[in-house]
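Novice: Below is the file entry15.pdb, which contains PDB, N, CA and C atoms, pLDDT in the B column.
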```pdb
MODEL        1
ATOM      1  N   MET A   7     151.640  83.750 169.470  1.00 57.00           N
ATOM      2  CA  MET A   7     152.110  83.470 168.121  1.00 57.00           C
ATOM      3  C   MET A   7     151.749  84.624 167.192  1.00 57.00           C
ATOM      4  N   LEU A   8     150.532  85.158 167.339  1.00 58.00           N
ATOM      5  CA  LEU A   8     150.086  86.249 166.482  1.00 58.00           C
ATOM      6  C   LEU A   8     150.938  87.490 166.698  1.00 58.00           C
ATOM      7  N   SER A   9     151.310  87.742 167.953  1.00 69.00           N
ATOM      8  CA  SER A   9     152.167  88.879 168.279  1.00 69.00           C
ATOM      9  C   SER A   9     153.543  88.731 167.634  1.00 69.00           C
ATOM     10  N   MET A  10     154.077  87.503 167.661  1.00 64.00           N
ATOM     11  CA  MET A  10     155.382  87.250 167.056  1.00 64.00           C
ATOM     12  C   MET A  10     155.328  87.489 165.549  1.00 64.00           C
ATOM     13  N   MET A  11     154.257  87.057 164.905  1.00 65.00           N
ATOM     14  CA  MET A  11     154.120  87.256 163.456  1.00 65.00           C
ATOM     15  C   MET A  11     153.997  88.741 163.124  1.00 65.00           C
ATOM     16  N   ALA A  12     153.280  89.501 163.955  1.00 69.00           N
ATOM     17  CA  ALA A  12     153.148  90.941 163.732  1.00 69.00           C
ATOM     18  C   ALA A  12     154.497  91.630 163.862  1.00 69.00           C
ATOM     19  N   THR A  13     155.274  91.207 164.859  1.00 68.00           N
ATOM     20  CA  THR A  13     156.620  91.769 165.047  1.00 68.00           C
ATOM     21  C   THR A  13     157.515  91.418 163.870  1.00 68.00           C
ATOM     22  N   LEU A  14     157.465  90.164 163.431  1.00 66.00           N
ATOM     23  CA  LEU A  14     158.262  89.737 162.286  1.00 66.00           C
ATOM     24  C   LEU A  14     157.882  90.523 161.032  1.00 66.00           C
ATOM     25  N   THR A  15     156.595  90.735 160.821  1.00 68.00           N
ATOM     26  CA  THR A  15     156.129  91.505 159.668  1.00 68.00           C
ATOM     27  C   THR A  15     156.653  92.932 159.731  1.00 68.00           C
ATOM     28  N   ALA A  16     156.651  93.535 160.918  1.00 67.00           N
ATOM     29  CA  ALA A  16     157.154  94.900 161.077  1.00 67.00           C
ATOM     30  C   ALA A  16     158.650  94.972 160.792  1.00 67.00           C
ATOM     31  N   VAL A  17     159.400  93.989 161.257  1.00 64.00           N
ATOM     32  CA  VAL A  17     160.849  93.959 161.019  1.00 64.00           C
ATOM     33  C   VAL A  17     161.130  93.802 159.530  1.00 64.00           C
ATOM     34  N   VAL A  18     160.407  92.935 158.873  1.00 60.00           N
ATOM     35  CA  VAL A  18     160.606  92.709 157.441  1.00 60.00           C
ATOM     36  C   VAL A  18     160.290  93.972 156.661  1.00 60.00           C
ATOM     37  N   ALA A  19     159.221  94.656 157.033  1.00 63.00           N
ATOM     38  CA  ALA A  19     158.811  95.870 156.322  1.00 63.00           C
ATOM     39  C   ALA A  19     159.844  96.985 156.480  1.00 63.00           C
ATOM     40  N   ALA A  20     160.557  97.011 157.604  1.00 63.00           N
ATOM     41  CA  ALA A  20     161.512  98.086 157.874  1.00 63.00           C
ATOM     42  C   ALA A  20     162.943  97.702 157.516  1.00 63.00           C
ATOM     43  N   SER A  21     163.134  96.647 156.773  1.00 70.00           N
ATOM     44  CA  SER A  21     164.473  96.154 156.510  1.00 70.00           C
ATOM     45  C   SER A  21     164.771  96.091 155.018  1.00 70.00           C
ATOM     46  N   ASP A  22     166.076  96.126 154.711  1.00 83.00           N
ATOM     47  CA  ASP A  22     166.507  95.939 153.328  1.00 83.00           C
ATOM     48  C   ASP A  22     166.633  94.465 152.977  1.00 83.00           C
ATOM     49  N   TYR A  23     166.556  93.593 153.976  1.00 86.00           N
ATOM     50  CA  TYR A  23     166.689  92.159 153.774  1.00 86.00           C
ATOM     51  C   TYR A  23     165.321  91.502 153.805  1.00 86.00           C
ATOM     52  N   ASN A  24     165.206  90.423 153.072  1.00 91.00           N
ATOM     53  CA  ASN A  24     163.946  89.706 153.029  1.00 91.00           C
ATOM     54  C   ASN A  24     163.971  88.581 154.063  1.00 91.00           C
ATOM     55  N   TYR A  25     163.671  88.940 155.311  1.00 92.00           N
ATOM     56  CA  TYR A  25     163.724  87.966 156.396  1.00 92.00           C
ATOM     57  C   TYR A  25     162.665  86.884 156.245  1.00 92.00           C
ATOM     58  N   SER A  26     161.558  87.187 155.626  1.00 93.00           N
ATOM     59  CA  SER A  26     160.537  86.164 155.390  1.00 93.00           C
ATOM     60  C   SER A  26     161.104  85.057 154.507  1.00 93.00           C
ATOM     61  N   GLN A  27     161.838  85.442 153.480  1.00 94.00           N
ATOM     62  CA  GLN A  27     162.435  84.447 152.590  1.00 94.00           C
ATOM     63  C   GLN A  27     163.521  83.659 153.319  1.00 94.00           C
ATOM     64  N   VAL A  28     164.317  84.330 154.140  1.00 93.00           N
ATOM     65  CA  VAL A  28     165.359  83.653 154.902  1.00 93.00           C
ATOM     66  C   VAL A  28     164.739  82.620 155.835  1.00 93.00           C
ATOM     67  N   LEU A  29     163.677  83.001 156.526  1.00 94.00           N
ATOM     68  CA  LEU A  29     163.002  82.079 157.428  1.00 94.00           C
ATOM     69  C   LEU A  29     162.401  80.906 156.660  1.00 94.00           C
ATOM     70  N   GLU A  30     161.766  81.184 155.546  1.00 95.00           N
ATOM     71  CA  GLU A  30     161.163  80.138 154.724  1.00 95.00           C
ATOM     72  C   GLU A  30     162.213  79.142 154.226  1.00 95.00           C
ATOM     73  N   LEU A  31     163.341  79.643 153.730  1.00 94.00           N
ATOM     74  CA  LEU A  31     164.391  78.753 153.223  1.00 94.00           C
ATOM     75  C   LEU A  31     165.065  77.974 154.351  1.00 94.00           C
ATOM     76  N   SER A  32     165.171  78.585 155.522  1.00 93.00           N
ATOM     77  CA  SER A  32     165.748  77.878 156.671  1.00 93.00           C
ATOM     78  C   SER A  32     164.861  76.707 157.077  1.00 93.00           C
ATOM     79  N   LEU A  33     163.572  76.934 157.128  1.00 93.00           N
ATOM     80  CA  LEU A  33     162.644  75.852 157.465  1.00 93.00           C
ATOM     81  C   LEU A  33     162.666  74.765 156.401  1.00 93.00           C
ATOM     82  N   LEU A  34     162.770  75.163 155.146  1.00 94.00           N
ATOM     83  CA  LEU A  34     162.833  74.193 154.054  1.00 94.00           C
ATOM     84  C   LEU A  34     164.096  73.335 154.167  1.00 94.00           C
ATOM     85  N   PHE A  35     165.206  73.950 154.565  1.00 92.00           N
ATOM     86  CA  PHE A  35     166.453  73.205 154.766  1.00 92.00           C
ATOM     87  C   PHE A  35     166.258  72.105 155.807  1.00 92.00           C
ATOM     88  N   TYR A  36     165.645  72.462 156.945  1.00 91.00           N
ATOM     89  CA  TYR A  36     165.443  71.461 157.993  1.00 91.00           C
ATOM     90  C   TYR A  36     164.453  70.388 157.564  1.00 91.00           C
ATOM     91  N   GLU A  37     163.451  70.750 156.786  1.00 93.00           N
ATOM     92  CA  GLU A  37     162.523  69.742 156.271  1.00 93.00           C
ATOM     93  C   GLU A  37     163.257  68.743 155.379  1.00 93.00           C
ATOM     94  N   ALA A  38     164.263  69.194 154.654  1.00 92.00           N
ATOM     95  CA  ALA A  38     165.021  68.311 153.767  1.00 92.00           C
ATOM     96  C   ALA A  38     165.899  67.342 154.547  1.00 92.00           C
ATOM     97  N   GLN A  39     166.170  67.624 155.819  1.00 91.00           N
ATOM     98  CA  GLN A  39     167.044  66.768 156.630  1.00 91.00           C
ATOM     99  C   GLN A  39     166.284  65.712 157.424  1.00 91.00           C
ATOM    100  N   ARG A  40     164.950  65.696 157.317  1.00 92.00           N
ATOM    101  CA  ARG A  40     164.156  64.748 158.108  1.00 92.00           C
ATOM    102  C   ARG A  40     164.354  63.314 157.643  1.00 92.00           C
ATOM    103  N   SER A  41     164.228  62.403 158.595  1.00 92.00           N
ATOM    104  CA  SER A  41     164.253  60.980 158.264  1.00 92.00           C
ATOM    105  C   SER A  41     163.051  60.318 158.913  1.00 92.00           C
ATOM    106  N   GLY A  42     162.826  59.070 158.568  1.00 93.00           N
ATOM    107  CA  GLY A  42     161.677  58.353 159.101  1.00 93.00           C
ATOM    108  C   GLY A  42     160.484  58.470 158.168  1.00 93.00           C
ATOM    109  N   LYS A  43     159.307  58.222 158.703  1.00 94.00           N
ATOM    110  CA  LYS A  43     158.064  58.324 157.936  1.00 94.00           C
ATOM    111  C   LYS A  43     157.726  59.800 157.808  1.00 94.00           C
ATOM    112  N   LEU A  44     157.692  60.295 156.570  1.00 94.00           N
ATOM    113  CA  LEU A  44     157.450  61.716 156.345  1.00 94.00           C
ATOM    114  C   LEU A  44     155.962  62.001 156.213  1.00 94.00           C
ATOM    115  N   PRO A  45     155.543  63.221 156.570  1.00 93.00           N
ATOM    116  CA  PRO A  45     154.135  63.565 156.459  1.00 93.00           C
ATOM    117  C   PRO A  45     153.690  63.700 155.001  1.00 93.00           C
ATOM    118  N   ILE A  46     152.404  63.637 154.785  1.00 94.00           N
ATOM    119  CA  ILE A  46     151.848  63.730 153.430  1.00 94.00           C
ATOM    120  C   ILE A  46     152.178  65.080 152.792  1.00 94.00           C
ATOM    121  N   ASP A  47     152.265  66.136 153.601  1.00 93.00           N
ATOM    122  CA  ASP A  47     152.528  67.479 153.063  1.00 93.00           C
ATOM    123  C   ASP A  47     154.023  67.776 152.913  1.00 93.00           C
ATOM    124  N   ASN A  48     154.838  66.751 152.780  1.00 93.00           N
ATOM    125  CA  ASN A  48     156.284  66.912 152.584  1.00 93.00           C
ATOM    126  C   ASN A  48     156.543  67.801 151.355  1.00 93.00           C
ATOM    127  N   ARG A  49     157.311  68.882 151.543  1.00 93.00           N
ATOM    128  CA  ARG A  49     157.570  69.815 150.443  1.00 93.00           C
ATOM    129  C   ARG A  49     158.856  69.522 149.674  1.00 93.00           C
ATOM    130  N   ILE A  50     159.571  68.473 150.043  1.00 94.00           N
ATOM    131  CA  ILE A  50     160.824  68.122 149.377  1.00 94.00           C
ATOM    132  C   ILE A  50     160.544  66.930 148.468  1.00 94.00           C
ATOM    133  N   PRO A  51     160.447  67.150 147.157  1.00 93.00           N
ATOM    134  CA  PRO A  51     160.014  66.073 146.262  1.00 93.00           C
ATOM    135  C   PRO A  51     160.974  64.890 146.200  1.00 93.00           C
ATOM    136  N   TRP A  52     162.251  65.103 146.418  1.00 93.00           N
ATOM    137  CA  TRP A  52     163.213  64.008 146.317  1.00 93.00           C
ATOM    138  C   TRP A  52     163.425  63.284 147.636  1.00 93.00           C
ATOM    139  N   ARG A  53     162.883  63.809 148.737  1.00 93.00           N
ATOM    140  CA  ARG A  53     163.049  63.164 150.047  1.00 93.00           C
ATOM    141  C   ARG A  53     161.856  62.244 150.289  1.00 93.00           C
ATOM    142  N   GLU A  54     162.149  60.963 150.443  1.00 93.00           N
ATOM    143  CA  GLU A  54     161.112  59.983 150.732  1.00 93.00           C
ATOM    144  C   GLU A  54     161.333  59.412 152.121  1.00 93.00           C
ATOM    145  N   ASP A  55     160.426  58.556 152.568  1.00 95.00           N
ATOM    146  CA  ASP A  55     160.595  57.885 153.856  1.00 95.00           C
ATOM    147  C   ASP A  55     161.960  57.191 153.876  1.00 95.00           C
ATOM    148  N   SER A  56     162.641  57.248 155.017  1.00 93.00           N
ATOM    149  CA  SER A  56     163.963  56.634 155.096  1.00 93.00           C
ATOM    150  C   SER A  56     164.216  56.107 156.505  1.00 93.00           C
ATOM    151  N   ALA A  57     165.106  55.147 156.597  1.00 91.00           N
ATOM    152  CA  ALA A  57     165.545  54.573 157.872  1.00 91.00           C
ATOM    153  C   ALA A  57     164.370  54.092 158.715  1.00 91.00           C
ATOM    154  N   LEU A  58     163.397  53.448 158.083  1.00 93.00           N
ATOM    155  CA  LEU A  58     162.201  53.006 158.799  1.00 93.00           C
ATOM    156  C   LEU A  58     162.448  51.780 159.671  1.00 93.00           C
ATOM    157  N   GLY A  59     163.545  51.079 159.464  1.00 92.00           N
ATOM    158  CA  GLY A  59     163.829  49.878 160.235  1.00 92.00           C
ATOM    159  C   GLY A  59     164.847  50.074 161.347  1.00 92.00           C
ATOM    160  N   ASP A  60     165.193  51.324 161.670  1.00 90.00           N
ATOM    161  CA  ASP A  60     166.205  51.571 162.701  1.00 90.00           C
ATOM    162  C   ASP A  60     165.712  51.133 164.073  1.00 90.00           C
ATOM    163  N   ARG A  61     166.540  50.337 164.760  1.00 91.00           N
ATOM    164  CA  ARG A  61     166.220  49.845 166.099  1.00 91.00           C
ATOM    165  C   ARG A  61     167.447  49.985 166.985  1.00 91.00           C
ATOM    166  N   GLY A  62     167.214  50.239 168.270  1.00 90.00           N
ATOM    167  CA  GLY A  62     168.287  50.314 169.248  1.00 90.00           C
ATOM    168  C   GLY A  62     168.723  48.926 169.680  1.00 90.00           C
ATOM    169  N   GLN A  63     169.690  48.855 170.569  1.00 92.00           N
ATOM    170  CA  GLN A  63     170.223  47.579 171.042  1.00 92.00           C
ATOM    171  C   GLN A  63     169.174  46.733 171.761  1.00 92.00           C
ATOM    172  N   ASN A  64     168.192  47.379 172.362  1.00 94.00           N
ATOM    173  CA  ASN A  64     167.136  46.657 173.079  1.00 94.00           C
ATOM    174  C   ASN A  64     165.820  46.681 172.314  1.00 94.00           C
ATOM    175  N   GLY A  65     165.886  46.931 171.013  1.00 92.00           N
ATOM    176  CA  GLY A  65     164.690  46.922 170.186  1.00 92.00           C
ATOM    177  C   GLY A  65     163.906  48.219 170.158  1.00 92.00           C
ATOM    178  N   GLU A  66     164.459  49.291 170.730  1.00 93.00           N
ATOM    179  CA  GLU A  66     163.768  50.574 170.729  1.00 93.00           C
ATOM    180  C   GLU A  66     163.576  51.068 169.301  1.00 93.00           C
ATOM    181  N   ASP A  67     162.457  51.722 169.057  1.00 92.00           N
ATOM    182  CA  ASP A  67     162.173  52.294 167.747  1.00 92.00           C
ATOM    183  C   ASP A  67     162.967  53.592 167.609  1.00 92.00           C
ATOM    184  N   LEU A  68     163.905  53.644 166.682  1.00 89.00           N
ATOM    185  CA  LEU A  68     164.739  54.830 166.478  1.00 89.00           C
ATOM    186  C   LEU A  68     164.412  55.547 165.172  1.00 89.00           C
ATOM    187  N   THR A  69     163.263  55.271 164.600  1.00 91.00           N
ATOM    188  CA  THR A  69     162.909  55.940 163.351  1.00 91.00           C
ATOM    189  C   THR A  69     162.573  57.397 163.618  1.00 91.00           C
ATOM    190  N   GLY A  70     162.749  58.214 162.596  1.00 90.00           N
ATOM    191  CA  GLY A  70     162.477  59.641 162.724  1.00 90.00           C
ATOM    192  C   GLY A  70     163.727  60.397 163.106  1.00 90.00           C
ATOM    193  N   GLY A  71     163.611  61.700 163.161  1.00 88.00           N
ATOM    194  CA  GLY A  71     164.742  62.537 163.519  1.00 88.00           C
ATOM    195  C   GLY A  71     165.266  63.290 162.305  1.00 88.00           C
ATOM    196  N   TYR A  72     166.508  63.734 162.398  1.00 87.00           N
ATOM    197  CA  TYR A  72     167.121  64.541 161.347  1.00 87.00           C
ATOM    198  C   TYR A  72     168.516  64.011 161.039  1.00 87.00           C
ATOM    199  N   TYR A  73     168.899  64.073 159.774  1.00 83.00           N
ATOM    200  CA  TYR A  73     170.259  63.724 159.371  1.00 83.00           C
ATOM    201  C   TYR A  73     171.182  64.903 159.622  1.00 83.00           C
ATOM    202  N   ASP A  74     172.451  64.607 159.924  1.00 76.00           N
ATOM    203  CA  ASP A  74     173.429  65.683 160.018  1.00 76.00           C
ATOM    204  C   ASP A  74     173.961  65.952 158.616  1.00 76.00           C
ATOM    205  N   GLY A  75     174.915  66.826 158.468  1.00 64.00           N
ATOM    206  CA  GLY A  75     175.416  67.217 157.152  1.00 64.00           C
ATOM    207  C   GLY A  75     176.000  66.086 156.328  1.00 64.00           C
ATOM    208  N   LYS A  76     176.560  65.079 156.989  1.00 63.00           N
ATOM    209  CA  LYS A  76     177.179  63.975 156.266  1.00 63.00           C
ATOM    210  C   LYS A  76     176.220  62.820 156.049  1.00 63.00           C
ATOM    211  N   GLN A  77     175.040  62.925 156.598  1.00 53.00           N
ATOM    212  CA  GLN A  77     174.021  61.877 156.526  1.00 53.00           C
ATOM    213  C   GLN A  77     174.535  60.535 157.036  1.00 53.00           C
ATOM    214  N   GLU A  78     175.383  60.587 158.056  1.00 58.00           N
ATOM    215  CA  GLU A  78     175.891  59.366 158.668  1.00 58.00           C
ATOM    216  C   GLU A  78     175.272  59.128 160.039  1.00 58.00           C
ATOM    217  N   MET A  79     174.687  60.152 160.619  1.00 56.00           N
ATOM    218  CA  MET A  79     174.179  60.045 161.969  1.00 56.00           C
ATOM    219  C   MET A  79     172.717  60.477 161.994  1.00 56.00           C
ATOM    220  N   ASN A  80     171.908  59.790 162.766  1.00 58.00           N
ATOM    221  CA  ASN A  80     170.505  60.122 162.920  1.00 58.00           C
ATOM    222  C   ASN A  80     170.288  60.653 164.334  1.00 58.00           C
ATOM    223  N   LEU A  81     169.723  61.833 164.478  1.00 59.00           N
ATOM    224  CA  LEU A  81     169.440  62.408 165.788  1.00 59.00           C
ATOM    225  C   LEU A  81     167.980  62.136 166.109  1.00 59.00           C
ATOM    226  N   HIS A  82     167.717  61.697 167.317  1.00 64.00           N
ATOM    227  CA  HIS A  82     166.359  61.319 167.694  1.00 64.00           C
ATOM    228  C   HIS A  82     165.918  62.064 168.933  1.00 64.00           C
ATOM    229  N   VAL A  83     164.644  62.364 168.977  1.00 65.00           N
ATOM    230  CA  VAL A  83     164.048  62.958 170.156  1.00 65.00           C
ATOM    231  C   VAL A  83     163.159  61.897 170.792  1.00 65.00           C
ATOM    232  N   GLN A  84     163.478  61.532 171.993  1.00 65.00           N
ATOM    233  CA  GLN A  84     162.699  60.507 172.697  1.00 65.00           C
ATOM    234  C   GLN A  84     161.474  61.150 173.328  1.00 65.00           C
ATOM    235  N   ASN A  85     160.344  60.523 173.221  1.00 67.00           N
ATOM    236  CA  ASN A  85     159.121  60.999 173.850  1.00 67.00           C
ATOM    237  C   ASN A  85     159.109  60.557 175.301  1.00 67.00           C
ATOM    238  N   ALA A  86     158.693  61.454 176.180  1.00 58.00           N
ATOM    239  CA  ALA A  86     158.592  61.088 177.589  1.00 58.00           C
ATOM    240  C   ALA A  86     157.377  60.162 177.773  1.00 58.00           C
ATOM    241  N   PRO A  87     157.501  59.163 178.638  1.00 57.00           N
ATOM    242  CA  PRO A  87     156.367  58.250 178.839  1.00 57.00           C
ATOM    243  C   PRO A  87     155.208  58.914 179.524  1.00 57.00           C
TER     244      PRO A  87
ENDMDL
END
```
Can you turn what I pasted into structure tokens?
Specialist:
Amino acid sequence: MLSMMATLTAVVAASDYNYSQVLELSLLFYEAQRSGKLPIDNRIPWREDSALGDRGQNGEDLTGGYYDGKQEMNLHVQNAP
């Protein structure tokens, strides 16, 4: 991880573009798309916990994940047992 950050810093220093800002805003975009119980350090002031009661056909817990652009679909990552 440290090597990747050093490489990123070198690329940013040698570029006319602010890649650090691009990366920061990209991560912020994805944080804004989260659903479910959000962490305490949530940086999106208008995004609150959402879709906490989502259940599958057999009662599976479907909370969490990310909204798509239309906010009609919830994408979930299942944990392996």
Novice: Go through the shown structure with the PyMOL selection byres ((chain A and resi 56) around 6.5) and write out the matching residues as an MDAnalysis selection string.
Specialist: chainID A and resid 41:44 54:55 57:59
Novice: Can you list, as a PyMOL selection string, the residues that the PyMOL selection byres ((chain A and resi 40) around 5) selects here?
Specialist: chain A and resi 36-39+41-42+71-73
Novice: Go ahead and save the residues from that selection, with N, CA and C atoms, as a short mmCIF file (atom, residue, chain, number, x, y, z; two decimals), in the coordinates of the input.
Specialist:
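Dumped to part-v8.cif:
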```
data_model
loop_
_atom_site.label_atom_id
_atom_site.label_comp_id
_atom_site.auth_asym_id
_atom_site.auth_seq_id
_atom_site.Cartn_x
_atom_site.Cartn_y
_atom_site.Cartn_z
N TYR A 36 165.64 72.46 156.94
CA TYR A 36 165.44 71.46 157.99
C TYR A 36 164.45 70.39 157.56
N GLU A 37 163.45 70.75 156.79
CA GLU A 37 162.52 69.74 156.27
C GLU A 37 163.26 68.74 155.38
N ALA A 38 164.26 69.19 154.65
CA ALA A 38 165.02 68.31 153.77
C ALA A 38 165.90 67.34 154.55
N GLN A 39 166.17 67.62 155.82
CA GLN A 39 167.04 66.77 156.63
C GLN A 39 166.28 65.71 157.42
N SER A 41 164.23 62.40 158.60
CA SER A 41 164.25 60.98 158.26
C SER A 41 163.05 60.32 158.91
N GLY A 42 162.83 59.07 158.57
CA GLY A 42 161.68 58.35 159.10
C GLY A 42 160.48 58.47 158.17
N GLY A 71 163.61 61.70 163.16
CA GLY A 71 164.74 62.54 163.52
C GLY A 71 165.27 63.29 162.30
N TYR A 72 166.51 63.73 162.40
CA TYR A 72 167.12 64.54 161.35
C TYR A 72 168.52 64.01 161.04
N TYR A 73 168.90 64.07 159.77
CA TYR A 73 170.26 63.72 159.37
C TYR A 73 171.18 64.90 159.62
#
```
Novice: Grab the atom C of Glu30 of chain A to atom C of Thr69 of chain A distance for me, in Å with one decimal place.
Specialist: 23.7 Å
Novice: Interatomic distance between atom C of Ile50 of chain A and atom N of Phe35 of chain A?
Specialist: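 Distance reported for this atom pair: 10.4 Å.
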Novice: In Å, rounded to a single decimal, give me how far atom CA of Arg53 of chain A is from atom CA of Leu29 of chain A.
Specialist: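 These two atoms are separated by 20.3 Å.
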